[in-house]
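Heads up, run24.cif below (mmCIF, C-alpha atoms and all ligand atoms):
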data_query
#
loop_
_atom_site.label_atom_id
_atom_site.label_comp_id
_atom_site.auth_asym_id
_atom_site.auth_seq_id
_atom_site.Cartn_x
_atom_site.Cartn_y
_atom_site.Cartn_z
CA MET K 21 12.28 1.42 37.28
CA THR K 22 10.40 4.05 39.29
CA GLN K 23 6.67 4.05 39.69
CA GLU K 24 4.83 7.31 39.03
CA THR K 25 2.63 8.89 41.69
CA ILE K 26 -0.15 11.49 41.42
CA GLY K 27 2.34 14.24 42.37
CA SER K 28 5.08 13.20 39.92
CA THR K 29 2.45 12.76 37.19
CA ALA K 30 1.05 16.25 37.80
CA ARG K 31 4.55 17.77 37.55
CA LYS K 32 5.34 15.82 34.38
CA ALA K 33 1.95 16.70 32.84
CA LEU K 34 2.54 20.40 33.51
CA GLY K 35 6.02 20.19 31.98
CA PHE K 36 4.65 18.36 28.95
CA ALA K 37 1.85 20.90 28.44
CA LEU K 38 4.40 23.74 28.58
CA ALA K 39 6.69 21.90 26.16
CA CYS K 40 3.76 21.40 23.76
CA PHE K 41 2.91 25.09 23.95
CA VAL K 42 6.52 26.14 23.24
CA VAL K 43 6.85 23.63 20.38
CA ARG K 44 3.54 24.85 18.94
CA GLN K 45 4.72 28.48 18.98
CA VAL K 46 8.06 27.54 17.39
CA VAL K 47 6.28 25.44 14.78
CA ILE K 48 3.79 28.19 13.94
CA TYR K 49 6.61 30.71 13.62
CA GLY K 50 8.92 28.40 11.66
CA TYR K 51 6.45 26.51 9.48
CA GLY K 52 3.99 29.36 9.14
CA SER K 53 6.35 31.28 6.91
CA GLY K 54 6.41 28.32 4.50
CA LYS K 55 2.62 27.82 4.36
CA ARG K 56 0.84 28.72 1.14
CA GLU K 57 -2.69 30.09 1.12
CA LEU K 58 -5.27 27.75 -0.43
CA ARG K 59 -6.35 30.51 -2.83
CA ASP K 60 -2.77 30.52 -4.23
CA LEU K 61 -2.76 26.80 -5.02
CA LYS K 62 -3.37 25.21 -8.42
CA ALA K 63 -5.42 22.22 -9.54
CA TRP K 64 -5.20 20.13 -12.70
CA THR K 65 -8.07 19.96 -15.15
CA SER K 66 -8.67 19.02 -18.80
CA ALA K 67 -8.00 21.74 -21.34
CA PRO K 68 -11.30 23.45 -22.35
CA GLY K 69 -13.03 21.78 -25.29
CA GLY K 70 -10.56 18.91 -25.29
CA SER K 71 -11.29 15.21 -25.33
CA PRO K 72 -10.97 13.23 -22.06
CA ASN K 73 -7.44 12.34 -23.17
CA ALA K 74 -6.53 15.97 -23.78
CA THR K 75 -3.56 17.54 -22.06
CA GLN K 76 -4.17 18.54 -18.46
CA VAL K 77 -3.73 22.19 -17.62
CA SER K 78 -3.12 23.90 -14.30
CA VAL K 79 -5.77 26.38 -13.11
CA PRO K 80 -6.25 28.28 -9.82
CA LEU K 81 -7.81 26.04 -7.19
CA THR K 82 -10.63 28.56 -6.63
CA ASP K 83 -11.56 28.40 -10.36
CA TRP K 84 -11.45 24.61 -10.29
CA LEU K 85 -13.76 24.53 -7.25
CA GLY K 86 -16.23 26.86 -8.99
CA ASP K 87 -16.35 24.56 -12.03
CA TRP K 88 -16.66 21.50 -9.80
CA GLU K 89 -19.58 23.01 -7.86
CA GLU K 90 -21.37 24.04 -11.05
CA LYS K 91 -20.98 20.52 -12.42
CA HIS K 92 -22.09 18.69 -9.26
CA VAL K 93 -24.57 21.11 -7.67
CA GLY K 94 -25.89 22.63 -10.90
CA LYS K 95 -24.98 26.22 -9.99
CA ARG K 96 -22.26 28.26 -8.31
CA VAL K 97 -23.22 28.61 -4.64
CA HIS K 98 -19.90 29.86 -3.24
CA ASN K 99 -17.68 32.69 -4.38
CA PHE K 100 -14.43 30.83 -3.80
CA ALA K 101 -12.22 33.70 -4.95
CA GLU K 102 -13.56 35.84 -2.07
CA MET K 103 -13.36 33.18 0.66
CA ASP K 104 -10.61 33.42 3.29
CA ASP K 105 -8.21 30.54 3.93
CA ARG K 106 -10.11 29.10 6.90
CA SER K 107 -13.43 29.06 5.02
CA LEU K 108 -11.80 27.41 2.01
CA GLN K 109 -10.20 24.80 4.26
CA ARG K 110 -13.52 24.07 5.94
CA TYR K 111 -15.26 23.70 2.58
CA LEU K 112 -12.56 21.31 1.30
CA LEU K 113 -12.58 19.25 4.50
CA GLU K 114 -16.37 18.96 4.44
CA GLN K 115 -16.26 17.81 0.83
CA GLU K 116 -13.56 15.30 1.77
CA SER K 117 -15.76 14.13 4.64
CA GLU K 118 -18.66 13.48 2.25
CA TRP K 119 -16.30 11.61 -0.10
CA LYS K 120 -15.27 9.33 2.80
CA ASN K 121 -18.94 8.95 3.74
CA GLY K 122 -19.63 7.74 0.20
CA LEU K 123 -16.97 5.03 0.57
CA ALA K 124 -18.51 3.75 3.82
CA PHE K 125 -22.21 4.22 3.12
CA CYS K 126 -22.14 2.33 -0.18
CA LEU K 127 -21.76 -0.74 2.06
CA LEU K 128 -25.11 -0.07 3.79
CA PRO K 129 -28.41 -1.31 2.30
CA GLN K 130 -30.36 1.46 0.54
CA GLY K 131 -33.48 0.59 2.53
CA LEU K 132 -31.66 1.10 5.81
CA LYS K 133 -30.25 4.47 4.69
CA GLU K 134 -33.74 5.63 3.74
CA ALA K 135 -35.30 4.28 6.93
CA ILE K 136 -32.88 6.20 9.15
CA LYS K 137 -32.99 9.28 6.85
CA LEU K 138 -29.20 9.28 6.64
CA ASP K 139 -29.07 12.18 4.17
CA ALA K 140 -30.58 14.49 6.81
CA TRP K 141 -28.05 13.64 9.53
CA PRO K 142 -25.63 16.40 10.59
CA LEU K 143 -22.11 16.03 9.21
CA MET K 144 -20.62 15.00 12.57
CA ALA K 145 -23.25 12.27 13.03
CA ARG K 146 -22.52 11.00 9.52
CA ALA K 147 -18.79 11.02 10.38
CA TRP K 148 -19.58 8.95 13.48
CA LEU K 149 -21.53 6.36 11.46
CA ARG K 150 -18.78 6.24 8.83
CA SER K 151 -16.13 5.68 11.54
CA PHE K 152 -18.32 2.98 13.05
CA VAL K 153 -18.70 1.20 9.68
CA PHE K 154 -14.95 1.36 8.95
CA ALA K 155 -14.05 0.27 12.50
CA ASN K 156 -16.31 -2.80 12.20
CA LEU K 157 -14.89 -3.58 8.78
CA ILE K 158 -11.30 -3.41 10.01
CA TYR K 159 -11.98 -5.22 13.28
CA LEU K 160 -14.11 -8.08 12.00
CA GLY K 161 -12.76 -8.33 8.44
CA LEU K 162 -9.09 -8.14 9.33
CA GLY K 163 -9.52 -10.12 12.57
CA MET K 164 -11.21 -13.06 10.80
CA ALA K 165 -8.68 -13.08 7.94
CA TRP K 166 -5.79 -12.86 10.42
CA ALA K 167 -7.19 -15.63 12.62
CA TYR K 168 -7.83 -17.85 9.59
CA TYR K 169 -4.20 -17.61 8.49
CA ILE K 170 -2.40 -17.86 11.84
CA TYR K 171 -4.63 -20.64 13.26
CA GLY K 172 -6.10 -22.36 10.21
CA VAL K 173 -3.39 -22.16 7.55
CA TYR K 174 -0.11 -21.77 9.48
CA GLY K 175 -1.29 -22.94 12.92
CA HIS K 176 0.76 -26.16 12.81
CA THR K 177 4.03 -24.17 12.56
CA LEU K 178 3.09 -21.01 14.53
CA PHE K 179 1.40 -22.90 17.40
CA PRO K 180 2.98 -26.39 17.31
CA LYS K 181 1.76 -27.23 20.81
CA ALA K 182 -1.81 -26.37 19.83
CA ASN K 183 -1.72 -23.60 22.45
CA THR K 184 -4.24 -21.48 20.62
CA PRO K 185 -6.79 -19.38 22.57
CA LYS K 186 -10.00 -20.99 23.76
CA PHE K 187 -13.21 -20.22 21.89
CA GLY K 188 -14.78 -18.69 25.01
CA ASP K 189 -11.93 -16.16 25.43
CA VAL K 190 -12.05 -15.10 21.79
CA ALA K 191 -15.87 -14.80 21.90
CA GLU K 192 -15.59 -12.56 24.95
CA GLN K 193 -12.96 -10.38 23.22
CA VAL K 194 -15.27 -9.97 20.23
CA LYS K 195 -18.21 -9.13 22.50
CA VAL K 196 -16.21 -6.49 24.47
CA SER K 197 -14.81 -4.95 21.27
CA LEU K 198 -18.13 -4.76 19.42
CA GLY K 199 -19.71 -3.21 22.50
CA SER K 200 -17.01 -0.51 22.57
CA LEU K 201 -16.86 0.34 18.85
CA PRO K 202 -19.86 2.76 18.94
CA MET K 203 -18.09 4.77 21.67
CA TYR K 204 -14.65 4.59 19.98
CA SER K 205 -16.22 6.07 16.84
CA PHE K 206 -17.07 9.32 18.64
CA LEU K 207 -13.41 10.35 18.86
CA PRO K 208 -12.60 10.53 15.11
CA ALA K 209 -15.99 12.18 14.45
CA LEU K 210 -15.40 14.84 17.10
CA CYS K 211 -11.80 15.36 15.92
CA GLU K 212 -12.98 15.79 12.36
CA HIS K 213 -15.50 18.40 13.46
CA ILE K 214 -12.82 20.34 15.36
CA VAL K 215 -10.35 20.11 12.46
CA GLU K 216 -13.02 21.37 10.04
CA ARG K 217 -13.55 24.38 12.29
CA GLY K 218 -9.85 25.22 11.87
CA TRP K 219 -9.08 24.98 15.60
CA THR K 220 -6.04 22.72 15.10
CA LEU K 221 -2.92 23.05 12.94
CA ALA K 222 -4.14 20.26 10.62
CA TYR K 223 -4.22 21.17 6.93
CA VAL K 224 -6.15 19.77 4.00
CA ARG K 225 -3.86 19.88 0.92
CA MET K 226 -0.35 18.44 0.80
CA ASP K 227 0.85 21.30 -1.42
CA GLU K 228 0.08 23.88 1.30
CA TYR K 229 3.60 23.05 2.50
CA SER K 230 6.66 21.59 0.78
CA TYR K 231 6.98 17.80 0.67
CA ALA K 232 9.98 18.10 3.01
CA THR K 233 7.73 19.86 5.55
CA TYR K 234 5.00 17.23 5.08
CA PHE K 235 7.42 14.42 5.96
CA ALA K 236 9.11 16.36 8.78
CA SER K 237 5.71 17.10 10.33
CA PHE K 238 4.64 13.49 9.95
CA PHE K 239 7.68 12.13 11.81
CA LEU K 240 7.53 14.78 14.54
CA TYR K 241 3.78 14.19 14.94
CA MET K 242 4.25 10.42 15.24
CA PHE K 243 7.11 10.90 17.72
CA PHE K 244 4.79 12.96 19.95
CA VAL K 245 1.99 10.39 19.51
CA GLU K 246 4.33 7.55 20.50
CA PHE K 247 5.40 9.56 23.56
CA GLY K 248 1.76 10.28 24.48
CA VAL K 249 0.58 6.69 24.02
CA TYR K 250 3.51 5.41 26.11
CA TRP K 251 2.75 7.71 29.06
CA ASN K 252 -1.02 7.35 28.85
CA HIS K 253 -0.60 3.60 28.97
CA ARG K 254 2.10 3.59 31.66
CA LEU K 255 0.10 5.89 33.95
CA LEU K 256 -2.90 3.57 33.71
CA HIS K 257 -0.65 0.91 35.21
CA ASP K 258 1.35 3.09 37.63
CA LEU K 259 -1.48 5.18 39.10
CA ARG K 260 -4.09 2.43 38.79
CA LEU K 261 -6.88 5.03 38.82
CA GLY K 262 -10.00 3.03 38.07
CA TYR K 263 -7.75 0.18 36.91
CA ASP K 264 -10.21 -2.57 37.86
CA LYS K 265 -13.00 -0.90 35.88
CA LEU K 266 -10.90 0.30 32.94
CA HIS K 267 -7.61 -1.24 31.89
CA TYR K 268 -8.22 -4.57 33.61
CA ILE K 269 -10.91 -5.29 30.99
CA HIS K 270 -8.06 -5.57 28.47
CA HIS K 271 -5.56 -7.13 30.88
CA LYS K 272 -7.66 -10.02 32.03
CA TYR K 273 -6.17 -11.80 29.00
CA ASN K 274 -2.87 -12.22 30.83
CA LYS K 275 -1.63 -15.54 29.52
CA GLU K 276 -0.21 -16.26 26.11
CA ASN K 277 -2.93 -18.69 25.11
CA THR K 278 -5.71 -16.23 25.95
CA LEU K 279 -4.58 -13.48 23.54
CA SER K 280 -5.81 -13.41 19.95
CA PRO K 281 -6.03 -10.87 17.08
CA PHE K 282 -9.55 -10.09 18.39
CA ALA K 283 -8.08 -8.82 21.70
CA GLY K 284 -6.68 -5.78 19.89
CA LEU K 285 -9.75 -3.61 20.49
CA ALA K 286 -11.09 -5.40 23.57
CA PHE K 287 -10.97 -2.38 25.91
CA HIS K 288 -13.41 -0.54 28.08
CA PRO K 289 -14.60 2.23 25.68
CA LEU K 290 -13.14 4.99 27.85
CA ASP K 291 -9.79 3.17 28.05
CA GLY K 292 -9.67 2.70 24.27
CA ILE K 293 -10.48 6.38 23.69
CA LEU K 294 -7.86 7.50 26.25
CA GLN K 295 -5.16 5.58 24.42
CA ALA K 296 -6.10 7.22 21.11
CA VAL K 297 -6.28 10.77 22.51
CA PRO K 298 -2.58 11.58 21.71
CA TYR K 299 -3.49 11.38 18.01
CA PHE K 300 -5.92 14.20 18.64
CA TRP K 301 -4.06 16.58 20.93
CA THR K 302 -0.90 16.43 18.79
CA LEU K 303 -2.93 18.04 15.97
CA PHE K 304 -2.66 21.23 18.06
CA VAL K 305 1.15 20.96 18.16
CA PHE K 306 2.20 20.09 14.58
CA PRO K 307 0.66 20.99 11.20
CA MET K 308 -0.38 17.43 10.30
CA HIS K 309 -2.11 16.58 7.01
CA ALA K 310 -5.72 15.79 7.99
CA LEU K 311 -6.26 12.67 5.87
CA THR K 312 -2.85 11.26 6.84
CA TYR K 313 -3.72 11.69 10.52
CA GLU K 314 -6.98 9.79 10.02
CA LEU K 315 -5.26 6.96 8.14
CA MET K 316 -2.74 6.64 10.98
CA LEU K 317 -5.52 6.60 13.58
CA PHE K 318 -7.36 3.77 11.80
CA GLY K 319 -3.98 2.14 11.07
CA THR K 320 -3.59 1.56 14.82
CA ALA K 321 -6.60 -0.79 14.63
CA VAL K 322 -4.61 -2.84 12.12
CA TRP K 323 -1.46 -2.64 14.23
CA THR K 324 -3.19 -3.68 17.42
CA THR K 325 -4.53 -6.78 15.64
CA ASN K 326 -0.93 -7.67 14.86
CA ILE K 327 0.54 -7.22 18.34
CA HIS K 328 -2.07 -9.43 20.02
CA ASP K 329 -1.58 -12.50 17.82
CA CYS K 330 1.32 -13.92 19.94
CA VAL K 331 3.32 -14.54 16.78
CA GLU K 332 6.80 -13.20 17.54
CA VAL K 333 8.78 -11.59 14.73
CA GLU K 334 11.85 -9.80 16.09
CA CYS K 335 12.62 -6.67 14.09
CA GLN K 336 14.16 -3.87 16.13
CA PRO K 337 12.99 -1.24 16.86
CA ILE K 338 9.46 -2.49 16.10
CA MET K 339 7.29 -3.23 19.17
CA GLY K 340 5.92 -6.53 17.88
CA ALA K 341 3.68 -9.19 19.39
CA GLY K 342 6.53 -10.73 21.42
CA TYR K 343 6.89 -7.47 23.35
CA HIS K 344 3.18 -6.91 23.84
CA THR K 345 2.62 -10.46 25.07
CA ILE K 346 5.22 -9.68 27.76
CA HIS K 347 3.25 -6.54 28.61
CA HIS K 348 0.15 -8.65 29.20
CA THR K 349 2.01 -11.08 31.44
CA THR K 350 4.31 -8.80 33.56
CA TYR K 351 2.10 -5.65 33.60
CA ARG K 352 5.22 -3.47 34.01
CA HIS K 353 6.99 -3.48 30.65
CA ASN K 354 6.67 -2.60 26.99
CA TYR K 355 4.03 0.14 27.12
CA GLY K 356 4.93 1.52 23.67
CA GLN K 357 2.82 1.34 20.54
CA PHE K 358 4.82 0.98 17.31
CA PHE K 359 8.41 1.18 18.56
CA THR K 360 10.60 0.14 21.48
CA TYR K 361 12.27 3.59 21.75
CA MET K 362 10.13 4.96 24.60
CA ASP K 363 10.45 1.84 26.75
CA ARG K 364 14.21 1.86 26.22
CA LEU K 365 14.39 5.58 27.04
CA PHE K 366 12.30 5.33 30.22
CA GLY K 367 13.67 1.98 31.43
CA THR K 368 10.60 -0.24 30.98
CA ILE K 369 11.81 -2.41 28.11
CA LEU K 370 11.82 -6.18 28.48
CA TYR K 371 13.05 -8.06 25.42
CA PRO K 372 11.52 -11.36 24.37
CA GLU K 373 13.79 -14.32 25.02
CA ASN K 374 14.57 -14.96 21.36
CA SER K 375 15.45 -11.32 20.62
CA GLY K 376 19.13 -11.84 21.44
CA LYS K 377 19.02 -8.71 23.65
CA GLN K 378 20.24 -8.62 27.24
CA HIS K 379 17.89 -7.53 30.02
CA ARG K 380 19.26 -4.88 32.32
CA ASN K 381 17.60 -6.30 35.41
CA PRO K 382 15.63 -9.44 34.61
CA LYS K 383 15.13 -10.27 38.29
CA SER K 384 12.80 -7.32 38.81
CA VAL K 385 10.51 -8.72 36.14
CA TYR K 386 9.88 -11.91 38.04
CA ASP K 387 9.43 -10.00 41.29
CA VAL K 388 6.64 -7.97 39.73
CA ALA K 389 5.07 -10.94 38.00
CA ALA K 390 5.14 -12.95 41.23
CA SER K 391 3.39 -10.16 43.13
CA LYS K 392 0.37 -10.28 40.80
ZN ZN K 401 -1.56 -2.30 29.64
ZN ZN K 402 -2.88 -5.50 24.72
#

Here is the file; what I need is its structure written in the form of structure tokens.
Amino acid sequence: MTQETIGSTARKALGFALACFVVRQVVIYGYGSGKRELRDLKAWTSAPGGSPNATQVSVPLTDWLGDWEEKHVGKRVHNFAEMDDRSLQRYLLEQESEWKNGLAFCLLPQGLKEAIKLDAWPLMARAWLRSFVFANLIYLGLGMAWAYYIYGVYGHTLFPKANTPKFGDVAEQVKVSLGSLPMYSFLPALCEHIVERGWTLAYVRMDEYSYATYFASFFLYMFFVEFGVYWNHRLLHDLRLGYDKLHYIHHKYNKENTLSPFAGLAFHPLDGILQAVPYFWTLFVFPMHALTYELMLFGTAVWTTNIHDCVEVECQPIMGAGYHTIHHTTYRHNYGQFFTYMDRLFGTILYPENSGKQHRNPKSVYDVAASK
């Protein structure tokens, strides 16, 4: 396997940027012809004068929004029929943002919300707080449930030699993660702001495209994300720029019995953000559904809990915990996120012993490990 240098990275980055630009132009040309204007879409509502169980009827989306605003605001503030597509998209995304805020902020005490005057916060600041609340919920809630089951309930079969992580290591992982969560939360908030402004190809309603296009975009988007995460991660190791200050924070847990589900977000905040950036820049390349993108971004917090638990479940081509534990111990393999494809393509795969797969050059692994 070759190690990247600053020069080879610069050449590859330039090539990738050009490829993204070409793909974006092709996508805009190809997909653009299939995109429907928001003003042309329909929404379902109860037939006028009917009971709640009355038959639903289809009305223009702009009419539905007018009725919705009158019902919730008390009057019609916007003339939706006259708004252009970008303004309609921004309005819908901002309403969606407030809906998500409602889900998160109902968990906060009313007294706290009043004390910090949450209602007066700008939308992006509210999006940051919402991301922070959800990130804590996923990290602590899922981490504790996961740890309870793998150590407390099934520990005797999953860790028969009682080789579970020490309390001090886990406490440090929790401390590092909780310290980084406020910074992590800036990325989704900033992305949301940029998407609302219409600067990306993200769209708000699934029926703006056909379902076939929705799924095609999703898979192409995730392919680009997987590619981006792989190279972001590999370059951190190959170039070692600021390695001791950045990625080492996560890699100090380099033995099997030091990793735990709580290590999943234990990064330097800048390192954690860097590894999530491909989710953002790919929004400029493919027309991704905005809410789906956000679910995938927060889904990585669930996934990263899974791959740090040291519980091996071989299921090709999934990049499970067995692969990621190897990454923590050899430093030179298995940089991928969800799948093994990228490591197989670029020659950095190292299969866990019980995978039944043959290593191409197992000797090199031990050479690298021994040099650390
Ligand atoms: Zn790494
Ligand atoms: Zn890791």

At a cut-off of 10 Å from (-1.5, 13.6, 7.4) in the coordinates of the file, what residues are picked up using all atoms listed in the file, written as a VMD selection string?
chain K and resid 222 to 226 234 to 235 237 to 238 241 303 307 to 316

Output C-alpha atoms for every residue in the selection just made, as a tab-separated table (two decimals), keeping the file's coordinate frame.
chain	number	residue	atom	x	y	z
K	222	ALA	CA	-4.14	20.26	10.62
K	223	TYR	CA	-4.22	21.17	6.93
K	224	VAL	CA	-6.15	19.77	4.00
K	225	ARG	CA	-3.86	19.88	0.92
K	226	MET	CA	-0.35	18.44	0.80
K	234	TYR	CA	5.00	17.23	5.08
K	235	PHE	CA	7.42	14.42	5.96
K	237	SER	CA	5.71	17.10	10.33
K	238	PHE	CA	4.64	13.49	9.95
K	241	TYR	CA	3.78	14.19	14.94
K	303	LEU	CA	-2.93	18.04	15.97
K	307	PRO	CA	0.66	20.99	11.20
K	308	MET	CA	-0.38	17.43	10.30
K	309	HIS	CA	-2.11	16.58	7.01
K	310	ALA	CA	-5.72	15.79	7.99
K	311	LEU	CA	-6.26	12.67	5.87
K	312	THR	CA	-2.85	11.26	6.84
K	313	TYR	CA	-3.72	11.69	10.52
K	314	GLU	CA	-6.98	9.79	10.02
K	315	LEU	CA	-5.26	6.96	8.14
K	316	MET	CA	-2.74	6.64	10.98

Pick out the residues no farther than 9 Å from ligand ZN 401 (chain K), counting all atoms listed in the file, and list them as a count of residues only.
16

Show me which residues are within 12 Å of ligand ZN 402 (chain K) counting only C-alpha atoms and all ligand atoms, and format the list as a PyMOL selection string.
chain K and resi 193+253+267-276+278-287+291-292+295+321+323-330+339-351+353-357

Per residue of range 191-309 of chain K within 7 Å of range 47-60 of chain K, which atom pair is closest and at what distance in Å (one decimal), using all atoms listed in the file, listed by chain and increasing number, as JSON lines?
{"residue": "K:Glu228", "atom": "CA", "partner": "K:Arg56", "partner_atom": "CA", "distance": 4.9}
{"residue": "K:Tyr229", "atom": "CA", "partner": "K:Lys55", "partner_atom": "CA", "distance": 5.2}
{"residue": "K:Phe306", "atom": "CA", "partner": "K:Val47", "partner_atom": "CA", "distance": 6.7}

Nearest residue to Ala124 in chain K out of K:Val331, K:Asn156, K:Gln336, K:Leu81, using all atoms listed in the file?
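Checking each of K:Val331, K:Asn156, K:Gln336, K:Leu81 against Ala124 in chain K, counting all atoms listed in the file, the winner is K:Asn156.
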
Name the closest residue to Leu85 in chain K among the candidates K:Phe179, K:Thr65, K:Asn121, K:Lys32; distances are taken between atoms, counting all atoms listed in the file.
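Of the candidates, the smallest distance to Leu85 in chain K is held by K:Thr65.
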
Under the rule of at most 7 Å, produce a per-residue listing of range 179-289 of chain K near range 101-120 of chain K: chain, number, name, the closest pair of atoms, and the distance in Å, as a tab-separated table, using all atoms listed in the file.
residue	atom	partner	partner_atom	distance
K:Glu216	CA	K:Arg110	CA	4.9
K:Arg217	CA	K:Arg110	CA	6.4
K:Gly218	CA	K:Arg106	CA	6.3
K:Val224	CA	K:Gln109	CA	6.5

Choose the residue, out of K:Thr22, K:Thr75, K:Ser197, K:Ser205, that has the smallest atom-to-atom separation from Ala147 in chain K; count all atoms listed in the file.
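Looking only at the distances to Ala147 in chain K, the closest residue turns out to be K:Ser205.
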
Measure the distance from CA of Trp251 in chain K to CA of Pro298 in chain K in Å and round it to one decimal.
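That distance, rounded to one decimal, is 9.9 Å.
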
What does the distance from CA of Lys133 in chain K to CA of Phe152 in chain K come to in Å, to one decimal?
14.6 Å

Can you work out the spacing between CA of Val153 in chain K and CA of Ser200 in chain K in Å, to one decimal?
13.1 Å

If you count all atoms listed in the file, which residues fall within 7 Å of Lys62 in chain K, apart from same-chain ones fewer than 6 positions away, as a ChimeraX atom specification?
/K:78-81

Considering only C-alpha atoms, state which residue in the set K:Tyr250, K:Trp64, K:Phe154, K:Tyr168 is at the smallest distance from Ile369 in chain K.
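Smallest separation from Ile369 in chain K among the options: K:Tyr250.
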